[in-house]
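Next comes run.cif, a file with mmCIF, C-alpha atoms.
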```cif
data_data
#
loop_
_atom_site.label_atom_id
_atom_site.label_comp_id
_atom_site.auth_asym_id
_atom_site.auth_seq_id
_atom_site.Cartn_x
_atom_site.Cartn_y
_atom_site.Cartn_z
CA MET E 1007 21.37 -36.43 34.61
CA ARG E 1008 20.81 -36.24 38.38
CA ALA E 1009 24.36 -37.50 38.91
CA LEU E 1010 25.78 -34.71 36.77
CA ALA E 1011 23.66 -32.12 38.54
CA LEU E 1012 24.89 -33.40 41.92
CA ALA E 1013 28.49 -33.48 40.71
CA LEU E 1014 28.22 -29.90 39.48
CA LYS E 1015 26.70 -28.80 42.79
CA TYR E 1016 29.60 -30.27 44.81
CA ALA E 1017 32.24 -29.09 42.32
CA LYS E 1018 30.85 -25.54 42.52
CA GLY E 1019 30.87 -25.72 46.31
CA LEU E 1020 34.52 -26.75 46.38
CA PHE E 1021 35.39 -24.17 43.75
CA ILE E 1022 33.81 -21.37 45.81
CA VAL E 1023 35.83 -22.44 48.87
CA ALA E 1024 38.99 -22.63 46.73
CA LYS E 1025 38.39 -19.13 45.42
CA GLU E 1026 37.88 -17.78 48.94
CA LEU E 1027 41.18 -19.38 49.95
CA ASN E 1028 42.75 -18.27 46.68
CA LYS E 1029 43.73 -21.89 46.01
CA THR E 1030 41.75 -22.79 42.91
CA LYS E 1031 44.85 -23.99 41.04
CA GLU E 1032 46.19 -25.94 44.02
CA PHE E 1033 42.88 -27.66 44.59
CA GLY E 1034 42.77 -28.45 40.89
CA GLU E 1035 46.22 -30.00 41.02
CA ASP E 1036 45.25 -32.04 44.11
CA LEU E 1037 42.17 -33.33 42.33
CA GLN E 1038 44.25 -34.08 39.22
CA ARG E 1039 46.61 -36.21 41.31
CA LEU E 1040 43.66 -37.94 42.91
CA GLU E 1041 42.11 -38.56 39.49
CA GLY E 1042 45.42 -39.96 38.23
CA LEU E 1043 45.61 -42.34 41.17
CA LEU E 1044 42.04 -43.52 40.67
CA ARG E 1045 42.78 -44.03 36.99
CA ASN E 1046 45.85 -46.10 37.78
CA TYR E 1047 44.09 -48.08 40.52
CA PRO E 1048 40.53 -48.56 39.32
CA GLU E 1049 39.87 -51.18 42.02
CA VAL E 1050 40.28 -48.43 44.64
CA PHE E 1051 37.57 -46.36 43.03
CA LYS E 1052 35.38 -49.46 42.72
CA VAL E 1053 35.55 -49.88 46.48
CA LEU E 1054 34.78 -46.19 47.04
CA GLU E 1055 31.75 -46.15 44.77
CA SER E 1056 30.42 -49.53 45.87
CA PRO E 1057 27.48 -49.38 48.30
CA ILE E 1058 28.59 -52.74 49.78
CA TYR E 1059 31.44 -51.20 51.80
CA PRO E 1060 30.50 -49.16 54.89
CA PRO E 1061 31.54 -45.49 55.16
CA ASP E 1062 34.19 -46.18 57.83
CA VAL E 1063 36.03 -48.57 55.47
CA LYS E 1064 35.82 -45.98 52.70
CA MET E 1065 37.05 -43.31 55.10
CA GLU E 1066 40.04 -45.48 55.99
CA ILE E 1067 40.89 -45.99 52.31
CA LEU E 1068 40.50 -42.26 51.71
CA ARG E 1069 42.90 -41.43 54.52
CA GLU E 1070 45.47 -43.74 52.97
CA ILE E 1071 45.04 -42.11 49.59
CA VAL E 1072 45.25 -38.59 50.98
CA GLN E 1073 48.43 -39.43 52.86
CA TYR E 1074 49.88 -40.89 49.69
CA ILE E 1075 49.13 -38.03 47.32
CA GLN E 1076 49.35 -35.19 49.88
CA VAL E 1077 46.32 -32.97 49.32
CA ASP E 1078 45.25 -29.71 50.92
CA PRO E 1079 43.38 -30.20 54.24
CA GLU E 1080 40.32 -28.52 52.74
CA VAL E 1081 40.31 -31.00 49.87
CA GLU E 1082 40.71 -33.80 52.40
CA ARG E 1083 37.68 -32.51 54.34
CA PHE E 1084 35.73 -32.25 51.13
CA LEU E 1085 36.50 -35.87 50.30
CA GLN E 1086 35.46 -36.95 53.80
CA LEU E 1087 32.22 -35.04 53.34
CA LEU E 1088 31.56 -36.94 50.14
CA VAL E 1089 32.00 -40.24 51.97
CA GLU E 1090 29.80 -39.14 54.87
CA ARG E 1091 27.04 -37.99 52.56
CA ARG E 1092 27.42 -41.10 50.40
CA ARG E 1093 28.33 -39.06 47.34
CA ILE E 1094 31.84 -40.44 46.82
CA GLN E 1095 30.63 -42.40 43.77
CA TYR E 1096 30.35 -39.07 41.95
CA LEU E 1097 34.01 -38.21 42.61
CA LYS E 1098 35.20 -38.59 39.00
CA ASP E 1099 32.40 -36.36 37.71
CA ILE E 1100 33.07 -33.83 40.47
CA ILE E 1101 36.77 -33.69 39.52
CA LYS E 1102 35.85 -33.24 35.88
CA MET E 1103 33.38 -30.46 36.70
CA TYR E 1104 35.91 -28.75 38.96
CA GLN E 1105 38.49 -28.82 36.16
CA SER E 1106 35.94 -27.29 33.79
CA LEU E 1107 35.21 -24.52 36.28
CA LEU E 1108 38.92 -23.95 36.82
CA ASP E 1109 39.61 -23.92 33.09
CA GLU E 1110 36.84 -21.40 32.63
CA GLU E 1111 38.30 -19.29 35.42
CA LEU E 1112 41.83 -19.46 34.05
CA GLY E 1113 40.79 -19.14 30.41
CA ILE E 1114 41.91 -22.63 29.51
CA ALA E 1115 40.42 -24.81 26.79
CA ARG E 1116 41.09 -28.53 26.94
CA GLY E 1117 40.53 -30.95 24.14
CA GLU E 1118 42.04 -33.71 22.09
CA VAL E 1119 43.82 -33.98 18.80
CA VAL E 1120 43.51 -37.16 16.78
CA CYS E 1121 46.41 -37.88 14.42
CA ALA E 1122 47.41 -40.76 12.18
CA TYR E 1123 50.88 -40.76 13.70
CA GLU E 1124 52.49 -39.84 17.03
CA ILE E 1125 53.08 -36.10 16.74
CA SER E 1126 56.00 -34.51 18.50
CA ASP E 1127 55.61 -32.12 21.45
CA GLU E 1128 56.72 -29.35 19.15
CA GLU E 1129 53.96 -30.11 16.67
CA ARG E 1130 51.40 -30.32 19.49
CA ARG E 1131 52.52 -26.97 20.85
CA ALA E 1132 52.33 -25.41 17.40
CA LEU E 1133 48.76 -26.61 17.11
CA GLU E 1134 47.91 -25.40 20.62
CA GLU E 1135 49.36 -21.99 19.75
CA ALA E 1136 47.32 -21.84 16.57
CA LEU E 1137 44.17 -22.76 18.50
CA LYS E 1138 45.01 -20.22 21.21
CA GLU E 1139 44.92 -17.54 18.55
CA VAL E 1140 41.54 -18.71 17.40
CA LEU E 1141 39.89 -19.32 20.79
CA LYS E 1142 41.70 -16.56 22.69
CA LYS E 1143 42.36 -19.11 25.46
CA GLU E 1144 45.19 -21.29 26.61
CA VAL E 1145 44.75 -24.60 24.87
CA TYR E 1146 45.82 -27.98 26.21
CA LEU E 1147 45.46 -30.94 23.93
CA GLU E 1148 45.65 -34.64 24.58
CA VAL E 1149 47.06 -36.56 21.67
CA ARG E 1150 45.37 -39.70 20.42
CA VAL E 1151 46.73 -41.77 17.54
CA ASP E 1152 44.21 -43.30 15.12
CA PRO E 1153 45.68 -44.67 11.85
CA GLY E 1154 42.10 -44.93 10.56
CA ILE E 1155 42.06 -41.22 9.73
CA ILE E 1156 44.88 -41.94 7.19
CA GLY E 1157 46.39 -38.46 7.46
CA GLY E 1158 45.84 -34.91 8.71
CA ALA E 1159 44.32 -34.25 12.12
CA LEU E 1160 41.06 -33.80 14.01
CA VAL E 1161 40.68 -31.45 16.97
CA ARG E 1162 37.82 -31.50 19.45
CA ILE E 1163 37.53 -28.79 22.10
CA GLY E 1164 34.14 -28.61 23.82
CA ASP E 1165 31.57 -28.11 21.10
CA TYR E 1166 34.18 -27.12 18.50
CA VAL E 1167 35.49 -29.61 15.96
CA TRP E 1168 38.17 -28.98 13.35
CA ASP E 1169 38.35 -31.88 10.96
CA GLY E 1170 41.29 -31.93 8.55
CA THR E 1171 41.63 -35.68 8.14
CA LEU E 1172 42.12 -37.42 4.83
CA LYS E 1173 39.41 -39.84 5.91
CA SER E 1174 36.80 -37.08 6.15
CA GLN E 1175 37.95 -35.59 2.85
CA LEU E 1176 37.50 -38.96 1.22
CA GLU E 1177 34.02 -39.18 2.78
CA LYS E 1178 33.16 -35.79 1.29
CA PHE E 1179 34.52 -36.99 -2.05
CA LYS E 1180 32.33 -40.08 -1.74
CA GLU E 1181 29.24 -37.95 -1.12
CA ILE E 1182 30.06 -35.83 -4.17
CA ILE E 1183 30.25 -38.95 -6.35
CA LYS E 1184 27.01 -40.30 -4.85
CA LYS E 1185 25.14 -37.09 -5.54
CA GLY E 1186 26.53 -37.13 -9.05
CA VAL E 1187 27.73 -33.55 -8.83
CA MET H 739 -134.07 -101.95 -34.30
CA ALA H 740 -133.46 -98.29 -33.85
CA GLU H 741 -131.48 -99.21 -30.81
CA ALA H 742 -129.48 -101.70 -32.80
CA HIS H 743 -128.46 -99.44 -35.77
CA GLY H 744 -128.52 -95.69 -34.79
CA VAL H 745 -127.11 -93.26 -32.23
CA THR H 746 -128.94 -93.02 -29.09
CA ALA H 747 -130.09 -89.86 -27.47
CA THR H 748 -127.99 -90.57 -24.45
CA GLN H 749 -125.00 -90.86 -26.60
CA ILE H 750 -125.80 -87.56 -28.31
CA LYS H 751 -126.34 -85.96 -24.93
CA ASN H 752 -123.02 -87.31 -23.70
CA LEU H 753 -121.31 -86.07 -26.82
CA ILE H 754 -122.68 -82.59 -26.39
CA TRP H 755 -121.75 -82.68 -22.71
CA TRP H 756 -118.15 -83.72 -23.38
CA THR H 757 -117.85 -81.18 -26.16
CA VAL H 758 -119.04 -78.41 -23.89
CA ASN H 759 -116.65 -79.60 -21.17
CA PHE H 760 -113.81 -79.66 -23.58
CA LEU H 761 -114.57 -76.19 -24.88
CA VAL H 762 -114.82 -74.90 -21.31
CA LEU H 763 -111.46 -76.53 -20.52
CA VAL H 764 -109.89 -74.97 -23.60
CA LEU H 765 -111.32 -71.59 -22.66
CA ILE H 766 -110.01 -71.90 -19.11
CA LEU H 767 -106.59 -72.97 -20.33
CA TYR H 768 -106.52 -70.15 -22.83
CA LYS H 769 -107.39 -67.69 -20.13
CA LEU H 770 -104.89 -69.05 -17.65
CA LEU H 771 -101.93 -69.84 -19.90
CA LYS H 772 -102.12 -67.12 -22.54
CA LYS H 773 -99.95 -64.55 -20.65
CA PRO H 774 -97.21 -66.80 -19.31
CA VAL H 775 -96.78 -68.55 -22.64
CA VAL H 776 -96.63 -65.29 -24.53
CA ASN H 777 -94.19 -63.89 -22.01
CA PHE H 778 -92.06 -67.02 -22.15
CA PHE H 779 -91.72 -66.93 -25.89
CA ARG H 780 -91.15 -63.19 -25.92
CA SER H 781 -88.33 -63.36 -23.43
CA ARG H 782 -86.89 -66.34 -25.22
CA GLN H 783 -87.01 -64.36 -28.45
CA GLU H 784 -85.26 -61.41 -26.79
CA SER H 785 -82.52 -63.50 -25.24
CA ILE H 786 -81.84 -65.23 -28.55
CA LYS H 787 -81.74 -61.83 -30.23
CA LYS H 788 -79.36 -60.53 -27.60
CA GLU H 789 -77.10 -63.54 -27.95
CA TYR H 790 -77.15 -63.12 -31.66
CA GLU H 791 -76.13 -59.48 -31.35
CA GLU H 792 -73.35 -60.34 -28.96
CA LEU H 793 -72.07 -62.98 -31.25
CA LEU H 794 -72.19 -60.50 -34.10
CA LEU H 795 -70.16 -58.05 -32.02
CA LYS H 796 -67.63 -60.72 -31.11
CA LYS H 797 -67.41 -61.71 -34.72
CA LYS H 798 -66.67 -58.10 -35.65
CA GLU H 799 -64.03 -57.87 -32.93
CA ALA H 800 -62.46 -61.11 -34.03
CA GLU H 801 -62.36 -59.85 -37.59
CA ALA H 802 -60.76 -56.59 -36.44
CA ARG H 803 -58.23 -58.52 -34.35
CA TYR H 804 -57.56 -60.77 -37.29
CA LEU H 805 -56.91 -57.75 -39.49
CA GLU H 806 -54.70 -56.22 -36.83
CA LEU H 807 -52.70 -59.40 -36.44
CA GLN H 808 -52.40 -59.69 -40.17
CA GLU H 809 -51.01 -56.15 -40.20
CA LYS H 810 -48.66 -56.99 -37.39
CA VAL H 811 -47.42 -60.09 -39.15
CA LYS H 812 -46.78 -57.92 -42.17
CA ASN H 813 -44.78 -55.43 -40.02
CA LEU H 814 -43.06 -58.14 -38.01
CA LYS H 815 -40.25 -58.55 -40.49
CA VAL H 816 -39.67 -54.82 -40.62
CA GLU H 817 -39.69 -54.65 -36.81
CA ALA H 818 -37.35 -57.61 -36.59
CA GLU H 819 -35.02 -55.90 -39.04
CA ALA H 820 -35.19 -52.67 -37.01
CA ILE H 821 -34.47 -54.54 -33.79
CA TYR H 822 -31.63 -56.36 -35.45
CA GLN H 823 -30.19 -53.08 -36.72
CA SER H 824 -30.61 -51.51 -33.33
CA TYR H 825 -28.76 -54.38 -31.70
CA VAL H 826 -26.04 -54.21 -34.34
CA GLU H 827 -25.64 -50.48 -33.69
CA GLN H 828 -25.52 -51.01 -29.95
CA GLY H 829 -23.00 -53.79 -30.44
CA MET H 830 -20.84 -51.53 -32.60
CA LYS H 831 -21.03 -48.76 -30.04
CA GLU H 832 -20.18 -51.17 -27.25
CA ARG H 833 -17.30 -52.53 -29.34
CA GLU H 834 -16.01 -48.98 -29.86
CA ARG H 835 -16.39 -48.22 -26.19
CA ILE H 836 -14.55 -51.40 -25.16
CA LEU H 837 -11.82 -50.72 -27.69
CA GLU H 838 -11.46 -47.13 -26.47
CA GLU H 839 -11.35 -48.30 -22.87
CA ALA H 840 -8.75 -50.94 -23.80
CA ARG H 841 -6.70 -48.29 -25.63
CA LYS H 842 -6.82 -45.99 -22.59
CA GLN H 843 -5.94 -48.88 -20.27
CA ALA H 844 -3.03 -49.83 -22.54
CA GLU H 845 -1.90 -46.21 -22.52
CA ARG H 846 -2.07 -46.09 -18.74
CA ILE H 847 -0.15 -49.37 -18.43
CA LYS H 848 2.43 -48.06 -20.87
CA GLU H 849 2.82 -44.82 -18.89
CA GLN H 850 3.10 -46.74 -15.62
CA ALA H 851 5.65 -49.08 -17.15
CA GLN H 852 7.66 -46.12 -18.43
CA LEU H 853 7.50 -44.46 -15.03
CA TYR H 854 8.50 -47.69 -13.30
CA MET H 855 11.35 -48.14 -15.77
CA ALA H 856 12.51 -44.58 -15.20
CA GLN H 857 12.40 -45.09 -11.44
CA GLU H 858 14.22 -48.38 -11.68
CA LEU H 859 16.79 -46.80 -13.97
CA GLU H 860 17.26 -43.96 -11.51
CA LYS H 861 17.62 -46.45 -8.65
CA ALA H 862 20.10 -48.50 -10.64
CA LYS H 863 22.06 -45.34 -11.44
CA GLU H 864 22.05 -44.38 -7.77
CA ARG H 865 23.16 -47.86 -6.76
CA LEU H 866 25.89 -47.74 -9.35
CA ARG H 867 26.98 -44.29 -8.19
CA ASN H 868 27.02 -45.49 -4.58
CA GLU H 869 28.98 -48.61 -5.44
CA LEU H 870 31.34 -46.56 -7.57
CA ALA H 871 31.79 -44.03 -4.79
CA GLU H 872 32.39 -46.78 -2.21
CA GLU H 873 34.87 -48.57 -4.42
CA ALA H 874 36.64 -45.39 -5.51
CA VAL H 875 37.03 -44.21 -1.93
CA LYS H 876 38.08 -47.66 -0.74
CA LEU H 877 40.70 -47.82 -3.47
CA ALA H 878 41.84 -44.27 -2.70
CA GLU H 879 42.12 -45.18 0.98
CA GLU H 880 44.21 -48.23 0.24
CA ILE H 881 46.50 -46.27 -2.07
CA LEU H 882 46.83 -43.44 0.45
CA LYS H 883 47.55 -45.83 3.31
CA LYS H 884 50.31 -47.43 1.25
CA ARG H 885 51.80 -44.27 -0.15
CA VAL H 886 51.48 -41.67 2.61
CA THR H 887 54.93 -41.39 4.14
CA PRO H 888 55.79 -39.91 7.56
CA GLU H 889 56.97 -36.83 5.66
CA HIS H 890 53.55 -36.54 4.01
CA GLN H 891 51.94 -36.97 7.42
CA ARG H 892 53.96 -34.14 8.88
CA ALA H 893 53.23 -31.95 5.88
CA LEU H 894 49.50 -32.66 6.25
CA PHE H 895 49.69 -31.82 9.94
CA ARG H 896 51.51 -28.54 9.20
CA GLU H 897 48.90 -27.70 6.61
CA PHE H 898 46.17 -28.41 9.16
CA VAL H 899 47.86 -26.10 11.67
CA GLU H 900 48.18 -23.39 9.03
CA ASN H 901 44.48 -23.74 8.18
CA ILE H 902 43.57 -23.39 11.86
CA LYS H 903 45.47 -20.13 12.02
CA GLY H 904 43.23 -18.61 9.42
CA ARG H 905 40.03 -19.54 11.22
CA VAL H 906 37.81 -17.27 13.30
CA VAL H 907 35.44 -18.57 15.98
CA ASN H 908 32.20 -16.71 16.57
#
```
Transcribe the structure of this file into structure tokens.
Amino acid sequence: MRALALALKYAKGLFIVAKELNKTKEFGEDLQRLEGLLRNYPEVFKVLESPIYPPDVKMEILREIVQYIQVDPEVERFLQLLVERRRIQYLKDIIKMYQSLLDEELGIARGEVVCAYEISDEERRALEEALKEVLKKEVYLEVRVDPGIIGGALVRIGDYVWDGTLKSQLEKFKEIIKKGV
Amino acid sequence: MAEAHGVTATQIKNLIWWTVNFLVLVLILYKLLKKPVVNFFRSRQESIKKEYEELLLKKKEAEARYLELQEKVKNLKVEAEAIYQSYVEQGMKERERILEEARKQAERIKEQAQLYMAQELEKAKERLRNELAEEAVKLAEEILKKRVTPEHQRALFREFVENIKGRVVN
């Protein structure tokens, strides 16, 4: 809980700076690239979050990363600040929080759609459009395939859930039989 | 001669003297012993009389007790019969009470058994419904997994998208 509160505090700080510089989107993209790199190289993040390594080693690694993914100097300073203040272990949460703030600012809703088969981009866009109409926001969905749902789809965006899977319909059918209705 | 055959004057004098002594002794004894002797016999008479009266009283009491016991002996059979009847009545009442209690107990046991049976039946029904539901859904799942084609999948997805369009979020 404290970690999330700290992450939100730093994310808000960065977001305020980004807004002042009118670079909220750019900062978001930088952080997305950074997040992608950390996802692809989890051992790098392990070193950054580990208390075993001293800050100067972490700073060195960070410089390498920043050079590789080319981020805004302000973002670079922010990352250095995290290392100095020994808060770099919260980086993933900070990025997530920043994206949430940015999405809120830009009127974007992110979520996931679970399907029994790999849907096409066209189908995904059609669903995003339909959800845009409902939520009055731009919707970006990540697709996840789960044959367990048998058919249909399940969408989760924040607290909202739209469940149109055959699996859930069968579960409802099961409950009806159990209750003897 | 006179000395040889008759009573001498000395002898007569002695006789008179002894007689007078004797009479004086009798008189003295009479005077001294009259009262105590009379008193002794009188008290003896009274105590005997008292004893006699007491014995008479005891005799009367014994007779009365005898009569009473005789009466009791006469009534004893009746009393025994009454006691016997009383015990029989009590026994009958107790028998009725025990039978009534047993009937109520049997009724309670029967009601409990019926309730238990109803509960068990309901549980069995529920178990059966659950098993049926599980099996039916499992079977339906298997059939659907085998028979749902990619075309069906796409159609289901389109239907889902169409359903989303109709929704309103508060």
Name the residues in contact with Glu1139 of chain E at a cut-off of 12 Å, using all atoms listed in the file, excluding same-chain residues fewer than 3 positions from it; report them as a list of chain:residue names.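 That gives E:Ala1115, E:Ala1132, E:Leu1133, E:Glu1134, E:Glu1135, E:Ala1136, E:Lys1142, E:Lys1143, E:Glu1144, E:Val1145, H:Val899, H:Glu900, H:Ile902, H:Lys903, H:Gly904, H:Arg905, H:Val906, H:Val907.
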Output the contact residues of chain H with respect to chain E at a cut-off of 9 Å, based on only C-alpha atoms, as a PyMOL selection string. chain H and resi 864-872+874-876+878-879+882-883+886+888+890-907
Can you list, as a list in words, the residues that the PyMOL selection byres ((chain E and resi 1033) around 9) selects here?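 Applying the PyMOL selection byres ((chain E and resi 1033) around 9) to the structure shown produces Leu1020, Phe1021, Ala1024, Lys1029, Thr1030, Lys1031, Glu1032, Gly1034, Glu1035, Asp1036, Leu1037, Gln1038, Val1077, Asp1078, Glu1080 and Val1081 of chain E.
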In Å to one decimal, how far is atom CA of Asp1152 of chain E from atom CA of Val1120 of chain E? 6.4 Å
Residues picked by the PyMOL selection byres ((chain E and resi 1016) around 10) here, as number ranges by chain? E: 1010-1015, 1017-1022, 1084, 1088, 1093, 1096-1097, 1099-1101, 1103-1104
Hey, can you spit out that residue selection with C-alpha atoms as a tab-separated table (two decimals), in the coordinates of the input?
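Dumped everything to part_12.tsv:
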```
chain	number	residue	atom	x	y	z
E	1010	LEU	CA	25.78	-34.71	36.77
E	1011	ALA	CA	23.66	-32.12	38.54
E	1012	LEU	CA	24.89	-33.40	41.92
E	1013	ALA	CA	28.49	-33.48	40.71
E	1014	LEU	CA	28.22	-29.90	39.48
E	1015	LYS	CA	26.70	-28.80	42.79
E	1017	ALA	CA	32.24	-29.09	42.32
E	1018	LYS	CA	30.85	-25.54	42.52
E	1019	GLY	CA	30.87	-25.72	46.31
E	1020	LEU	CA	34.52	-26.75	46.38
E	1021	PHE	CA	35.39	-24.17	43.75
E	1022	ILE	CA	33.81	-21.37	45.81
E	1084	PHE	CA	35.73	-32.25	51.13
E	1088	LEU	CA	31.56	-36.94	50.14
E	1093	ARG	CA	28.33	-39.06	47.34
E	1096	TYR	CA	30.35	-39.07	41.95
E	1097	LEU	CA	34.01	-38.21	42.61
E	1099	ASP	CA	32.40	-36.36	37.71
E	1100	ILE	CA	33.07	-33.83	40.47
E	1101	ILE	CA	36.77	-33.69	39.52
E	1103	MET	CA	33.38	-30.46	36.70
E	1104	TYR	CA	35.91	-28.75	38.96
```
In Å, how far is it from atom CA of Arg1150 of chain E to atom CA of Ile1114 of chain E?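 Going from atom CA of Arg1150 of chain E over to atom CA of Ile1114 of chain E, I get 19.6 Å.
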Please evaluate the PyMOL selection byres ((chain E and resi 1057-1067) around 8) against the structure above and give the resulting residues as a ChimeraX atom specification. /E:1053-1056,1068-1071,1086,1089-1090,1092
Print the selection's residues with C-alpha atoms to a file, as a CSV table (one decimal), in the frame of the given file.
```csv
chain,number,residue,atom,x,y,z
E,1053,VAL,CA,35.6,-49.9,46.5
E,1054,LEU,CA,34.8,-46.2,47.0
E,1055,GLU,CA,31.8,-46.2,44.8
E,1056,SER,CA,30.4,-49.5,45.9
E,1068,LEU,CA,40.5,-42.3,51.7
E,1069,ARG,CA,42.9,-41.4,54.5
E,1070,GLU,CA,45.5,-43.7,53.0
E,1071,ILE,CA,45.0,-42.1,49.6
E,1086,GLN,CA,35.5,-37.0,53.8
E,1089,VAL,CA,32.0,-40.2,52.0
E,1090,GLU,CA,29.8,-39.1,54.9
E,1092,ARG,CA,27.4,-41.1,50.4
```
Coordinates-based distance that separates atom CA of Leu1147 of chain E from atom CA of Gln1076 of chain E (Å, one decimal):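 That distance, rounded to one decimal, is 26.6 Å.
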Put the listed atoms of segment 1036-1041 of chain E in a box along x, y and z with 5 Å added on every side and give me the centre and edge lengths in Å to one decimal, as JSON.
```
{"center_x": 44.4, "center_y": -35.3, "center_z": 41.7, "size_x": 14.5, "size_y": 16.5, "size_z": 14.9}
```
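Taking all atoms listed in the file into account, Ile1094 of chain E lies nearest to E:Lys1052 out of the set E:Arg1039, E:Arg1045, E:Lys1052, E:Lys1025.
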